[in-house]
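target_24.txt (compact mmCIF, C-alpha atoms)
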# COMPACT_ATOMS: atom_id res chain seq x y z
CA MET A 1 -25.46 26.91 1.78
CA ASP A 2 -24.71 28.18 5.31
CA LYS A 3 -21.75 30.45 6.05
CA GLN A 4 -20.30 27.77 8.32
CA LEU A 5 -20.83 24.11 7.49
CA THR A 6 -21.06 21.29 9.97
CA ILE A 7 -19.32 18.52 8.05
CA SER A 8 -21.68 15.62 7.49
CA ASN A 9 -22.38 13.42 4.52
CA GLN A 10 -24.98 15.89 3.27
CA THR A 11 -22.79 18.97 3.67
CA LEU A 12 -19.86 17.14 2.11
CA LYS A 13 -21.99 16.92 -1.00
CA GLU A 14 -23.03 20.55 -0.65
CA ALA A 15 -19.42 21.65 -0.21
CA ALA A 16 -18.20 19.69 -3.22
CA HIS A 17 -20.98 20.99 -5.48
CA TYR A 18 -20.64 24.54 -4.22
CA ALA A 19 -16.91 24.47 -4.95
CA LEU A 20 -17.52 22.94 -8.39
CA ASP A 21 -20.15 25.55 -9.30
CA SER A 22 -17.88 28.34 -8.05
CA LEU A 23 -14.98 27.10 -10.20
CA LYS A 24 -17.20 27.07 -13.28
CA LYS A 25 -18.48 30.57 -12.53
CA ALA A 26 -14.88 31.73 -12.10
CA GLY A 27 -14.10 30.72 -15.68
CA ALA A 28 -12.92 27.11 -15.47
CA ASP A 29 -13.16 25.15 -18.71
CA LYS A 30 -13.23 21.93 -16.70
CA ALA A 31 -13.24 21.32 -12.96
CA ALA A 32 -13.36 18.57 -10.34
CA CYS A 33 -13.78 18.53 -6.57
CA LYS A 34 -13.31 15.84 -3.94
CA ALA A 35 -14.50 16.23 -0.36
CA ASN A 36 -13.36 13.88 2.43
CA LYS A 37 -14.40 13.48 6.04
CA GLY A 38 -12.27 11.07 8.05
CA ARG A 39 -12.12 9.93 11.66
CA GLN A 40 -9.67 7.61 13.42
CA ASP A 41 -10.21 6.29 16.97
CA GLU A 42 -7.02 4.67 18.17
CA PHE A 43 -5.12 3.06 21.03
CA ASN A 44 -1.34 3.48 21.26
CA VAL A 45 1.07 1.14 23.03
CA GLU A 46 4.72 1.86 23.84
CA ALA A 47 7.16 -0.47 25.60
CA ASN A 48 4.43 -3.10 26.06
CA LYS A 49 2.08 -0.66 27.88
CA PHE A 50 -0.93 1.41 26.85
CA SER A 51 0.21 4.99 26.41
CA LEU A 52 -2.57 6.88 24.65
CA MET A 53 -6.17 6.82 23.47
CA ARG A 54 -7.18 9.52 21.02
CA THR A 55 -9.45 10.50 18.15
CA LEU A 56 -8.06 12.14 15.03
CA PHE A 57 -10.07 13.98 12.39
CA ASN A 58 -9.04 14.51 8.80
CA ASP A 59 -11.28 16.74 6.68
CA GLU A 60 -10.11 17.83 3.25
CA LEU A 61 -11.49 19.48 0.15
CA THR A 62 -9.49 19.19 -3.09
CA LEU A 63 -10.20 21.50 -6.02
CA LYS A 64 -8.90 20.98 -9.56
CA VAL A 65 -9.39 23.38 -12.43
CA ILE A 66 -8.36 23.31 -16.09
CA LYS A 67 -8.44 26.62 -17.97
CA ASP A 68 -6.86 27.05 -21.39
CA ASN A 69 -5.19 23.63 -20.89
CA ARG A 70 -3.55 24.94 -17.71
CA LYS A 71 -4.08 23.07 -14.42
CA GLY A 72 -4.47 24.36 -10.89
CA ILE A 73 -4.95 22.23 -7.75
CA THR A 74 -5.74 23.49 -4.25
CA LYS A 75 -6.38 21.59 -1.00
CA ILE A 76 -7.98 22.98 2.15
CA ASN A 77 -9.15 21.44 5.43
CA LYS A 78 -12.19 23.65 5.97
CA MET A 79 -15.62 23.43 4.37
CA ASP A 80 -17.07 26.88 5.16
CA LYS A 81 -18.10 29.20 2.34
CA ASP A 82 -15.35 31.78 2.89
CA SER A 83 -12.61 29.12 2.84
CA ILE A 84 -14.04 27.56 -0.32
CA ASP A 85 -14.33 30.97 -2.03
CA LYS A 86 -10.68 31.71 -1.27
CA ALA A 87 -9.62 28.25 -2.46
CA VAL A 88 -11.49 28.80 -5.74
CA THR A 89 -9.66 32.08 -6.30
CA ASP A 90 -6.31 30.46 -5.44
CA CYS A 91 -7.00 27.51 -7.75
CA ILE A 92 -7.84 29.78 -10.72
CA THR A 93 -4.72 31.85 -10.01
CA LEU A 94 -2.52 28.73 -9.96
CA ALA A 95 -3.95 27.59 -13.28
CA SER A 96 -3.34 31.00 -14.84
CA GLY A 97 0.36 30.74 -13.95
CA ALA A 98 0.83 27.13 -15.08
CA LEU A 99 2.25 25.95 -18.37
CA PRO A 100 -0.34 24.72 -20.87
CA ASP A 101 -0.53 20.95 -21.32
CA GLU A 102 -3.05 19.40 -23.69
CA ALA A 103 -2.89 16.11 -21.79
CA GLU A 104 -4.77 17.65 -18.85
CA ASP A 105 -8.40 16.48 -18.69
CA ILE A 106 -11.13 15.12 -16.41
CA ALA A 107 -13.12 11.90 -16.56
CA GLU A 108 -16.17 11.65 -18.77
CA LYS A 109 -19.46 10.59 -17.21
CA ILE A 110 -20.19 6.88 -17.57
CA GLU A 111 -22.31 5.82 -14.60
CA ASN A 112 -22.52 7.54 -11.24
CA LYS A 113 -22.49 5.29 -8.18
CA THR A 114 -22.57 5.19 -4.40
CA PHE A 115 -20.35 2.66 -2.61
CA ASP A 116 -21.06 1.48 0.92
CA GLN A 117 -18.14 -0.28 2.63
CA THR A 118 -19.28 0.27 6.20
CA ILE A 119 -19.21 -2.53 8.77
CA GLY A 120 -21.76 -1.31 11.29
CA GLY A 121 -19.68 1.15 13.28
CA ASN A 122 -16.95 0.59 15.83
CA ASP A 123 -16.63 -1.57 18.92
CA MET A 124 -13.91 0.22 20.86
CA GLU A 125 -14.41 -1.98 23.92
CA LYS A 126 -13.63 -5.08 21.87
CA LEU A 127 -10.73 -3.31 20.16
CA PHE A 128 -9.27 -2.48 23.56
CA GLY A 129 -9.82 -6.09 24.66
CA ARG A 130 -8.09 -7.51 21.58
CA THR A 131 -5.15 -5.17 22.13
CA LYS A 132 -4.90 -6.04 25.82
CA ASP A 133 -5.11 -9.77 25.06
CA PHE A 134 -2.28 -9.43 22.56
CA LEU A 135 -0.04 -7.73 25.13
CA GLU A 136 -0.67 -10.56 27.60
CA GLN A 137 -0.03 -13.25 24.98
CA LEU A 138 3.14 -11.49 23.88
CA LYS A 139 4.49 -11.47 27.43
CA ASP A 140 3.70 -15.17 27.92
CA GLU A 141 4.70 -16.56 24.51
CA TYR A 142 7.51 -14.24 23.41
CA PRO A 143 9.16 -12.92 26.59
CA LYS A 144 12.20 -11.57 24.73
CA ILE A 145 10.15 -9.33 22.45
CA VAL A 146 10.08 -5.61 23.18
CA LEU A 147 7.01 -4.02 21.65
CA GLU A 148 8.45 -0.66 20.71
CA GLY A 149 5.15 0.55 19.35
CA MET A 150 1.64 -0.65 18.55
CA THR A 151 -1.37 1.16 17.14
CA THR A 152 -4.84 -0.34 16.87
CA ASP A 153 -7.65 1.78 15.50
CA PHE A 154 -11.03 2.11 13.87
CA ASN A 155 -11.16 4.19 10.72
CA SER A 156 -14.19 5.75 9.06
CA GLU A 157 -14.25 7.97 6.00
CA GLN A 158 -16.82 9.52 3.69
CA THR A 159 -15.81 10.81 0.26
CA ILE A 160 -17.62 12.50 -2.59
CA TYR A 161 -16.11 13.23 -6.01
CA VAL A 162 -17.81 15.47 -8.59
CA ASN A 163 -16.67 17.03 -11.84
CA SER A 164 -18.03 19.36 -14.48
CA ASN A 165 -18.78 16.47 -16.85
CA GLY A 166 -21.47 15.33 -14.42
CA VAL A 167 -19.47 12.58 -12.70
CA GLU A 168 -20.47 11.91 -9.09
CA PHE A 169 -19.14 9.13 -6.87
CA THR A 170 -19.85 8.72 -3.16
CA GLN A 171 -18.04 6.30 -0.88
CA SER A 172 -18.44 5.42 2.81
CA GLU A 173 -15.95 3.04 4.39
CA GLU A 174 -15.12 1.64 7.81
CA TYR A 175 -12.39 -0.74 8.93
CA TYR A 176 -10.05 -1.62 11.78
CA SER A 177 -6.29 -1.66 11.51
CA ALA A 178 -3.47 -2.95 13.68
CA GLY A 179 0.25 -2.34 13.42
CA THR A 180 3.22 -3.41 15.53
CA MET A 181 6.91 -2.49 15.63
CA PHE A 182 9.14 -4.73 17.69
CA SER A 183 12.58 -6.16 18.35
CA ALA A 184 14.00 -8.85 20.62
CA LYS A 185 16.26 -8.23 23.60
CA ASP A 186 18.11 -10.61 25.91
CA GLY A 187 20.61 -8.99 28.25
CA GLU A 188 23.10 -7.08 26.10
CA LYS A 189 21.91 -8.76 22.92
CA SER A 190 19.25 -7.23 20.71
CA SER A 191 17.86 -7.84 17.25
CA SER A 192 17.07 -5.45 14.45
CA PHE A 193 13.55 -3.99 14.65
CA ASN A 194 10.77 -5.29 12.47
CA TYR A 195 7.17 -4.23 11.86
CA SER A 196 3.88 -5.43 10.45
CA SER A 197 0.39 -4.08 9.75
CA TRP A 198 -3.06 -5.38 8.87
CA GLY A 199 -6.43 -4.05 7.76
CA LEU A 200 -9.46 -5.79 9.29
CA SER A 201 -13.19 -5.84 8.59
CA SER A 202 -13.91 -7.39 12.00
CA LEU A 203 -12.27 -8.24 15.31
CA ASP A 204 -13.04 -11.96 15.12
CA ARG A 205 -9.38 -13.03 15.12
CA PRO A 206 -6.97 -12.39 17.99
CA PHE A 207 -4.19 -10.07 16.86
CA MET A 208 -1.58 -12.70 17.67
CA ASP A 209 -3.17 -14.97 15.04
CA LEU A 210 -3.03 -12.46 12.17
CA ASP A 211 -1.11 -13.69 9.13
CA MET A 212 2.66 -13.97 9.70
CA HIS A 213 2.52 -12.31 13.13
CA ARG A 214 3.76 -15.28 15.14
CA THR A 215 6.34 -16.07 12.48
CA LEU A 216 7.84 -12.58 12.56
CA LEU A 217 7.87 -12.44 16.36
CA SER A 218 9.51 -15.86 16.61
CA GLU A 219 12.10 -14.94 13.99
CA SER A 220 12.98 -11.78 15.93
CA GLU A 221 13.81 -13.89 18.97
CA GLN A 222 15.83 -16.26 16.79
CA SER A 223 17.76 -13.25 15.48
CA LEU A 224 19.43 -12.56 18.83
CA ASP A 225 22.38 -14.74 17.77
CA PRO A 226 23.00 -13.89 14.10
CA ARG A 227 26.05 -14.78 12.08
CA MET A 228 27.82 -13.15 9.18
CA VAL A 229 27.92 -14.62 5.69
CA GLU A 230 31.55 -15.70 5.41
CA ASP A 231 31.93 -15.47 1.66
CA LYS A 232 30.45 -13.95 -1.45
CA PHE A 233 28.34 -16.25 -3.55
CA THR A 234 25.55 -16.36 -6.12
CA GLY A 235 22.46 -18.05 -4.74
CA LYS A 236 18.71 -17.85 -4.31
CA ILE A 237 16.55 -15.64 -2.14
CA ILE A 238 13.05 -16.32 -0.89
CA VAL A 239 11.27 -12.99 -0.59
CA THR A 240 8.55 -13.29 2.05
CA PRO A 241 5.24 -11.38 1.98
CA ALA A 242 6.65 -9.16 4.74
CA CYS A 243 9.11 -7.76 2.18
CA ASN A 244 6.54 -6.65 -0.40
CA ASP A 245 8.33 -3.38 -1.17
CA MET A 246 11.51 -5.03 -2.45
CA ILE A 247 10.04 -6.58 -5.59
CA TRP A 248 6.43 -5.63 -6.25
CA GLU A 249 6.43 -1.97 -5.26
CA THR A 250 9.79 -1.54 -6.99
CA ILE A 251 8.40 -2.95 -10.24
CA VAL A 252 5.49 -0.52 -10.13
CA GLY A 253 7.62 2.45 -9.13
CA CYS A 254 10.40 1.91 -11.66
CA PHE A 255 8.77 0.34 -14.70
CA LEU A 256 4.98 0.71 -14.58
CA CYS A 257 4.31 4.08 -12.95
CA GLU A 258 3.37 7.31 -14.65
CA ARG A 259 6.64 9.13 -14.11
CA ALA A 260 8.78 6.36 -15.62
CA LEU A 261 6.54 6.15 -18.68
CA VAL A 262 6.05 9.88 -19.24
CA GLU A 263 9.80 10.47 -18.90
CA GLY A 264 10.51 7.43 -21.07
CA THR A 265 12.88 5.79 -18.57
CA SER A 266 10.93 2.53 -18.13
CA ARG A 267 12.57 -0.41 -19.88
CA TRP A 268 9.06 -1.79 -20.33
CA LYS A 269 7.66 1.27 -22.09
CA ASP A 270 7.37 -0.63 -25.38
CA SER A 271 6.70 -4.10 -23.89
CA LEU A 272 2.91 -4.12 -23.51
CA GLY A 273 1.61 -7.49 -24.67
CA THR A 274 5.02 -9.16 -24.55
CA LYS A 275 6.55 -11.69 -22.15
CA VAL A 276 8.49 -9.94 -19.39
CA ALA A 277 8.50 -12.59 -16.63
CA ASP A 278 8.24 -16.27 -15.84
CA SER A 279 4.95 -17.75 -17.05
CA SER A 280 4.06 -18.63 -13.46
CA LEU A 281 3.77 -14.95 -12.52
CA THR A 282 0.41 -13.20 -12.40
CA PHE A 283 0.79 -9.83 -10.68
CA SER A 284 -2.39 -7.79 -10.21
CA VAL A 285 -4.09 -4.96 -8.37
CA THR A 286 -7.36 -6.22 -6.89
CA PRO A 287 -9.21 -3.67 -4.72
CA PHE A 288 -12.44 -5.68 -5.17
CA ASN A 289 -11.02 -8.94 -3.80
CA PRO A 290 -13.11 -9.79 -0.69
CA ALA A 291 -9.89 -10.19 1.29
CA ILE A 292 -8.93 -6.56 0.63
CA ILE A 293 -10.17 -4.11 3.24
CA ALA A 294 -11.77 -0.84 2.07
CA GLY A 295 -10.35 -1.15 -1.45
CA GLU A 296 -10.48 1.70 -3.95
CA ARG A 297 -13.88 2.11 -5.59
CA PHE A 298 -13.12 5.07 -7.84
CA THR A 299 -9.85 6.56 -8.99
CA ALA A 300 -8.46 9.95 -8.07
CA ASP A 301 -9.19 11.15 -11.61
CA GLY A 302 -12.86 10.16 -11.53
CA TYR A 303 -13.32 6.67 -12.98
CA GLU A 304 -14.94 3.66 -11.37
CA SER A 305 -12.19 1.25 -10.33
CA LYS A 306 -11.88 -2.32 -11.56
CA ASP A 307 -9.46 -5.15 -10.75
CA MET A 308 -6.53 -5.17 -13.15
CA ASP A 309 -3.56 -7.38 -14.11
CA PHE A 310 -0.16 -5.80 -14.51
CA ILE A 311 1.32 -9.13 -15.57
CA ARG A 312 -0.68 -12.27 -16.41
CA ASP A 313 1.10 -15.57 -17.06
CA GLY A 314 4.32 -13.60 -17.56
CA ILE A 315 2.80 -11.23 -20.17
CA LEU A 316 2.75 -7.46 -19.50
CA LYS A 317 -0.91 -6.43 -19.64
CA SER A 318 -1.20 -2.94 -18.10
CA PHE A 319 0.64 0.14 -16.87
CA ALA A 320 -0.19 2.24 -13.79
CA LEU A 321 -1.28 5.30 -15.78
CA SER A 322 -3.83 7.90 -14.77
CA LEU A 323 -5.95 9.72 -17.34
CA TYR A 324 -3.20 12.32 -17.65
CA GLY A 325 -0.48 9.71 -18.08
CA SER A 326 -2.55 7.88 -20.66
CA ARG A 327 -3.11 11.03 -22.73
CA LYS A 328 0.53 12.03 -22.33
CA THR A 329 1.96 8.70 -23.49
CA GLY A 330 -0.79 7.39 -25.76
CA LYS A 331 -0.93 4.18 -23.72
CA PRO A 332 -4.05 2.70 -22.04
CA ARG A 333 -5.33 4.19 -18.79
CA ALA A 334 -5.11 1.96 -15.71
CA LEU A 335 -8.41 0.50 -14.48
CA THR A 336 -7.38 1.21 -10.89
CA LEU A 337 -4.78 3.41 -9.21
CA SER A 338 -4.88 1.53 -5.90
CA GLN A 339 -1.96 -0.20 -4.19
CA ASN A 340 -3.81 -3.39 -3.28
CA ILE A 341 -1.29 -5.77 -4.82
CA GLU A 342 -2.07 -9.45 -5.35
CA VAL A 343 0.29 -12.11 -6.67
CA ALA A 344 -1.32 -15.39 -7.69
CA ALA A 345 -0.36 -18.51 -5.74
CA GLY A 346 2.07 -20.97 -7.29
CA ASN A 347 2.38 -24.74 -7.09
CA THR A 348 5.27 -25.21 -4.67
CA PRO A 349 4.73 -25.64 -0.90
CA LEU A 350 7.03 -23.31 1.02
CA ALA A 351 8.71 -26.22 2.80
CA GLU A 352 9.62 -27.79 -0.56
CA MET A 353 10.87 -24.45 -1.84
CA ILE A 354 13.30 -24.23 1.07
CA LYS A 355 14.40 -27.84 0.56
CA GLY A 356 15.31 -27.04 -3.02
CA ILE A 357 17.87 -24.37 -2.12
CA ASP A 358 21.52 -25.34 -1.71
CA LYS A 359 22.56 -21.90 -0.50
CA GLY A 360 20.56 -18.73 -0.18
CA ILE A 361 18.59 -16.58 2.21
CA LEU A 362 15.04 -16.10 3.49
CA LEU A 363 14.49 -12.36 3.27
CA ASN A 364 11.97 -10.51 5.46
CA ARG A 365 13.14 -6.90 5.12
CA PHE A 366 15.29 -4.96 2.67
CA SER A 367 17.00 -1.59 2.92
CA GLY A 368 18.33 -0.09 -0.28
CA ALA A 369 17.91 2.63 -2.85
CA SER A 370 15.50 2.28 -5.75
CA PRO A 371 17.11 0.74 -8.82
CA GLY A 372 18.16 2.89 -11.74
CA ILE A 373 16.71 2.56 -15.21
CA SER A 374 18.78 -0.60 -15.71
CA GLY A 375 16.87 -2.42 -12.97
CA ASP A 376 19.96 -3.11 -10.83
CA VAL A 377 19.10 -3.50 -7.14
CA SER A 378 21.59 -3.40 -4.28
CA GLY A 379 20.99 -3.17 -0.55
CA VAL A 380 21.00 -4.82 2.84
CA ALA A 381 18.90 -7.84 3.81
CA LYS A 382 17.61 -7.48 7.36
CA ASN A 383 15.67 -9.82 9.65
CA SER A 384 16.77 -12.60 7.33
CA PHE A 385 18.00 -16.20 7.59
CA LEU A 386 20.60 -18.34 5.88
CA ILE A 387 19.45 -21.40 3.94
CA GLU A 388 22.00 -24.20 3.46
CA ASN A 389 21.47 -27.64 1.96
CA GLY A 390 17.71 -27.29 1.97
CA ALA A 391 17.31 -26.07 5.55
CA ILE A 392 17.19 -22.75 7.41
CA THR A 393 20.36 -22.80 9.50
CA GLY A 394 20.24 -19.54 11.42
CA ALA A 395 19.73 -15.79 11.52
CA LEU A 396 22.01 -13.50 9.56
CA LYS A 397 23.67 -10.27 10.42
CA GLU A 398 22.99 -7.54 7.89
CA THR A 399 23.86 -9.05 4.52
CA MET A 400 24.34 -7.42 1.12
CA VAL A 401 22.23 -8.63 -1.79
CA SER A 402 22.38 -7.42 -5.37
CA PHE A 403 20.61 -8.46 -8.57
CA ASN A 404 18.88 -7.12 -11.64
CA ILE A 405 15.15 -7.08 -10.97
CA LEU A 406 14.22 -7.60 -14.63
CA ASP A 407 16.55 -10.58 -14.92
CA VAL A 408 15.33 -12.39 -11.80
CA LEU A 409 11.71 -12.12 -12.95
CA LYS A 410 12.50 -14.50 -15.80
CA LYS A 411 12.63 -17.53 -13.49
CA ILE A 412 10.51 -17.59 -10.34
CA ASP A 413 9.27 -20.29 -7.98
CA ILE A 414 6.06 -19.22 -6.24
CA SER A 415 4.60 -20.79 -3.10
CA LYS A 416 1.15 -22.32 -2.72
CA GLU A 417 0.78 -20.42 0.55
CA ARG A 418 -0.13 -16.76 0.59
CA SER A 419 -0.34 -14.12 3.32
CA PHE A 420 -3.37 -11.84 3.63
CA SER A 421 -2.72 -8.49 5.29
CA GLY A 422 -6.00 -6.85 4.31
CA TYR A 423 -3.97 -4.54 2.06
CA SER A 424 -2.22 -7.10 -0.12
CA ILE A 425 -2.26 -10.83 -0.95
CA LEU A 426 1.22 -12.22 -1.45
CA PRO A 427 3.02 -15.58 -1.67
CA TRP A 428 6.63 -16.46 -0.89
CA CYS A 429 8.70 -16.07 -4.10
CA CYS A 430 12.08 -17.61 -4.85
CA PHE A 431 14.46 -15.78 -7.19
CA GLU A 432 17.83 -17.06 -8.40
CA GLY A 433 21.01 -15.44 -9.66
CA VAL A 434 21.34 -13.14 -6.63
CA THR A 435 24.77 -12.04 -5.38
CA ILE A 436 25.00 -12.41 -1.59
CA SER A 437 27.81 -11.22 0.68
CA GLY A 438 28.45 -10.06 4.24
CA ALA A 439 27.78 -6.34 4.72
CA GLN A 440 30.94 -4.30 5.13

For the file at hand, write its structure as structure tokens.
Amino acid sequence: MDKQLTISNQTLKEAAHYALDSLKKAGADKAACKANKGRQDEFNVEANKFSLMRTLFNDELTLKVIKDNRKGITKINKMDKDSIDKAVTDCITLASGALPDEAEDIAEKIENKTFDQTIGGNDMEKLFGRTKDFLEQLKDEYPKIVLEGMTTDFNSEQTIYVNSNGVEFTQSEEYYSAGTMFSAKDGEKSSSFNYSSWGLSSLDRPFMDLDMHRTLLSESEQSLDPRMVEDKFTGKIIVTPACNDMIWETIVGCFLCERALVEGTSRWKDSLGTKVADSSLTFSVTPFNPAIIAGERFTADGYESKDMDFIRDGILKSFALSLYGSRKTGKPRALTLSQNIEVAAGNTPLAEMIKGIDKGILLNRFSGASPGISGDVSGVAKNSFLIENGAITGALKETMVSFNILDVLKKIDISKERSFSGYSILPWCCFEGVTISGAQ
């Protein structure tokens, strides 16, 4: 291995194996290494104008060692021999000073694989054209929108994972992404900002036509004349796919994730195999769905990924536990550690869902703290709209909403329609028993 490495796919493999062999020679009982080479070619837009074109590189080597049940982890962004040698020494030193934990381990070898998720390289000329076309359409179709920021890019990454049990996974991936942040302005009036992002395997669709983009832009313009909720009431909320963090990420973070289960704070810690939600709810992680862009192919702890249900037909099926979390809690290891969330479509058209609400809100964005162990949620609904007598009647000023997330899961109405961002696949979901009031 040369003193200085030019980082390529081949030398990524050399670097990972050199680091692994060095850890074993330094006395590791078990070891794992992951080498990444990433590149991002991007265009930036500010205030509706191109502002920057640049290329970013992200190279990283992660070393993990277990010695006497003590773990050490080190990350470096260089692949030369001297840097790796120092990282090996640092990693062994960190392990020597750590507390022993018998739950620490590495993946056993099952079947080594190479995953190719490339799309034939980039087309930066077409990416520029799509971005430019969007800016022109935005000016013509949504003249009150101020595009505070936009990034469009092409991403490529190569990764190799190896461990001392003989596991070896290699992954190459390429994809485009687009993200916008915007608000509406008309004279002295302005709306709250909103944002959206997509992952793309091609540039076949104009950016204006990406899922929910026109809807969110139009709703920002409609939000220039919002009104306050005049009273406090208990009603329904329709959580749109744009607000995926309010429900789905909160469920994972508070009740399914490793920390909540290891610390014993999850109210679902003893609920595996029991009914925890409405029978209409199937909530999964699906990195292999064809609509997911560059989904996880192997986990950070060295297992081949597979699609997995958290909840199927209302029954809790899985937790989000790594190998460590599984050994620590005695509960099954997750088949994937990705964040590619999918919620199965329901039977109700969105228009009918809205018609069925006497009083409630359509919620696009939520700002609030994570719920405590009780599951109580409280925060501000933003970029949202009042629903009265089965119709959307206008934009709302910032409005308080509060509910218990575990309680509202027990009765859900789920739309037939779903939005595909490339990262997630989500329907519109209606929850009842929500307290709604004007923000103070």

With range 58-82 of chain A as the partner and 10 Å as the cut-off, tabulate the residues of range 156-194 of chain A that qualify, each row holding the nearest pair of atoms and their distance in Å to one decimal, using all atoms listed in the file, sorted by chain and rising number, as a Markdown table.
| residue | atom | partner | partner_atom | distance |
| --- | --- | --- | --- | --- |
| A:Glu157 | CA | A:Asn58 | CA | 8.8 |
| A:Gln158 | CA | A:Asp59 | CA | 9.6 |
| A:Thr159 | CA | A:Glu60 | CA | 9.5 |
| A:Ile160 | CA | A:Leu61 | CA | 9.7 |
| A:Tyr161 | CA | A:Thr62 | CA | 9.4 |
| A:Asn163 | CA | A:Lys64 | CA | 9.0 |
| A:Ser164 | CA | A:Val65 | CA | 9.7 |

What is the CA of Ala391 in chain A-CA of Arg418 in chain A distance in Å, reported with one decimal?
->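 Pair CA of Ala391 in chain A / CA of Arg418 in chain A returns 20.4 Å.
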
From A:Ser421, A:Asn383, A:Val146, A:Gly438, residue lying nearest Glu219 in chain A [only C-alpha atoms] =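 Counting only C-alpha atoms, the residue closest to Glu219 in chain A is A:Asn383.
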
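Straight-line separation from CA of Asp123 in chain A to CA of Gln171 in chain A: 21.4 Å.
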
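Those residues positioned at most 9 Å from (-10.9, -5.4, 20.2) are Asp123, Met124, Glu125, Lys126, Leu127, Phe128, Gly129, Arg130, Thr131, Lys132, Asp133, Thr152, Ser202, Leu203, Asp204, Pro206 and Phe207 of chain A, judged using only C-alpha atoms.
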
Given the choices A:Ser367, A:Ser415, A:Ser284, A:Asn389, which gets closest to Gln339 in chain A if the distance is worked out from all atoms listed in the file?
-> A:Ser284

Find the distance between CA of Glu168 in chain A and CA of Phe298 in chain A and write it in Å to one decimal.
-> 10.1 Å

Can you work out which one of A:Lys189, A:Lys275, A:Lys236, A:Lys113 has the shortest atom-to-atom distance to Leu224 in chain A, counting all atoms listed in the file?
->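 Among the listed residues, the smallest separation from Leu224 in chain A belongs to A:Lys189.
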
What would range 75-120 of chain A look like if you wrote it out as a PDB file, in the first residue's frame, with C-alpha atoms included, from the block I just posted?
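Okay, this is what ended up in selection_33.pdb:
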ATOM      1  CA  LYS A  75     -13.201   8.796  12.183  1.00  0.00           C
ATOM      2  CA  ILE A  76     -10.695  10.464   9.855  1.00  0.00           C
ATOM      3  CA  ASN A  77     -10.963  12.143   6.449  1.00  0.00           C
ATOM      4  CA  LYS A  78      -7.626  10.980   5.053  1.00  0.00           C
ATOM      5  CA  MET A  79      -6.703   7.608   3.583  1.00  0.00           C
ATOM      6  CA  ASP A  80      -2.881   7.748   3.655  1.00  0.00           C
ATOM      7  CA  LYS A  81      -0.918   5.189   5.655  1.00  0.00           C
ATOM      8  CA  ASP A  82       0.336   7.598   8.327  1.00  0.00           C
ATOM      9  CA  SER A  83      -3.182   8.907   9.025  1.00  0.00           C
ATOM     10  CA  ILE A  84      -4.570   5.372   9.246  1.00  0.00           C
ATOM     11  CA  ASP A  85      -1.743   4.260  11.564  1.00  0.00           C
ATOM     12  CA  LYS A  86      -2.459   7.165  13.912  1.00  0.00           C
ATOM     13  CA  ALA A  87      -6.199   6.472  13.794  1.00  0.00           C
ATOM     14  CA  VAL A  88      -5.557   2.820  14.710  1.00  0.00           C
ATOM     15  CA  THR A  89      -3.506   3.888  17.729  1.00  0.00           C
ATOM     16  CA  ASP A  90      -6.177   6.405  18.768  1.00  0.00           C
ATOM     17  CA  CYS A  91      -8.955   3.824  18.366  1.00  0.00           C
ATOM     18  CA  ILE A  92      -7.149   1.253  20.554  1.00  0.00           C
ATOM     19  CA  THR A  93      -6.462   3.955  23.156  1.00  0.00           C
ATOM     20  CA  LEU A  94     -10.142   4.964  23.235  1.00  0.00           C
ATOM     21  CA  ALA A  95     -11.190   1.356  23.724  1.00  0.00           C
ATOM     22  CA  SER A  96      -8.709   0.905  26.568  1.00  0.00           C
ATOM     23  CA  GLY A  97     -10.310   3.821  28.421  1.00  0.00           C
ATOM     24  CA  ALA A  98     -13.929   2.799  27.812  1.00  0.00           C
ATOM     25  CA  LEU A  99     -16.192   0.937  30.197  1.00  0.00           C
ATOM     26  CA  PRO A 100     -16.687  -2.742  29.382  1.00  0.00           C
ATOM     27  CA  ASP A 101     -20.048  -3.659  27.853  1.00  0.00           C
ATOM     28  CA  GLU A 102     -20.822  -7.237  26.864  1.00  0.00           C
ATOM     29  CA  ALA A 103     -23.458  -6.028  24.396  1.00  0.00           C
ATOM     30  CA  GLU A 104     -20.747  -4.687  22.076  1.00  0.00           C
ATOM     31  CA  ASP A 105     -20.247  -6.906  19.010  1.00  0.00           C
ATOM     32  CA  ILE A 106     -19.888  -6.947  15.221  1.00  0.00           C
ATOM     33  CA  ALA A 107     -21.954  -8.654  12.542  1.00  0.00           C
ATOM     34  CA  GLU A 108     -21.324 -12.274  11.680  1.00  0.00           C
ATOM     35  CA  LYS A 109     -20.605 -13.175   8.066  1.00  0.00           C
ATOM     36  CA  ILE A 110     -23.667 -14.346   6.146  1.00  0.00           C
ATOM     37  CA  GLU A 111     -23.163 -13.428   2.488  1.00  0.00           C
ATOM     38  CA  ASN A 112     -20.911 -10.711   1.122  1.00  0.00           C
ATOM     39  CA  LYS A 113     -22.350  -8.567  -1.657  1.00  0.00           C
ATOM     40  CA  THR A 114     -21.687  -5.662  -3.985  1.00  0.00           C
ATOM     41  CA  PHE A 115     -24.524  -3.203  -4.657  1.00  0.00           C
ATOM     42  CA  ASP A 116     -24.609  -1.000  -7.751  1.00  0.00           C
ATOM     43  CA  GLN A 117     -27.073   1.907  -7.560  1.00  0.00           C
ATOM     44  CA  THR A 118     -25.431   4.083 -10.193  1.00  0.00           C
ATOM     45  CA  ILE A 119     -27.464   5.811 -12.909  1.00  0.00           C
ATOM     46  CA  GLY A 120     -24.844   6.379 -15.581  1.00  0.00           C
TER      47      GLY A 120
END
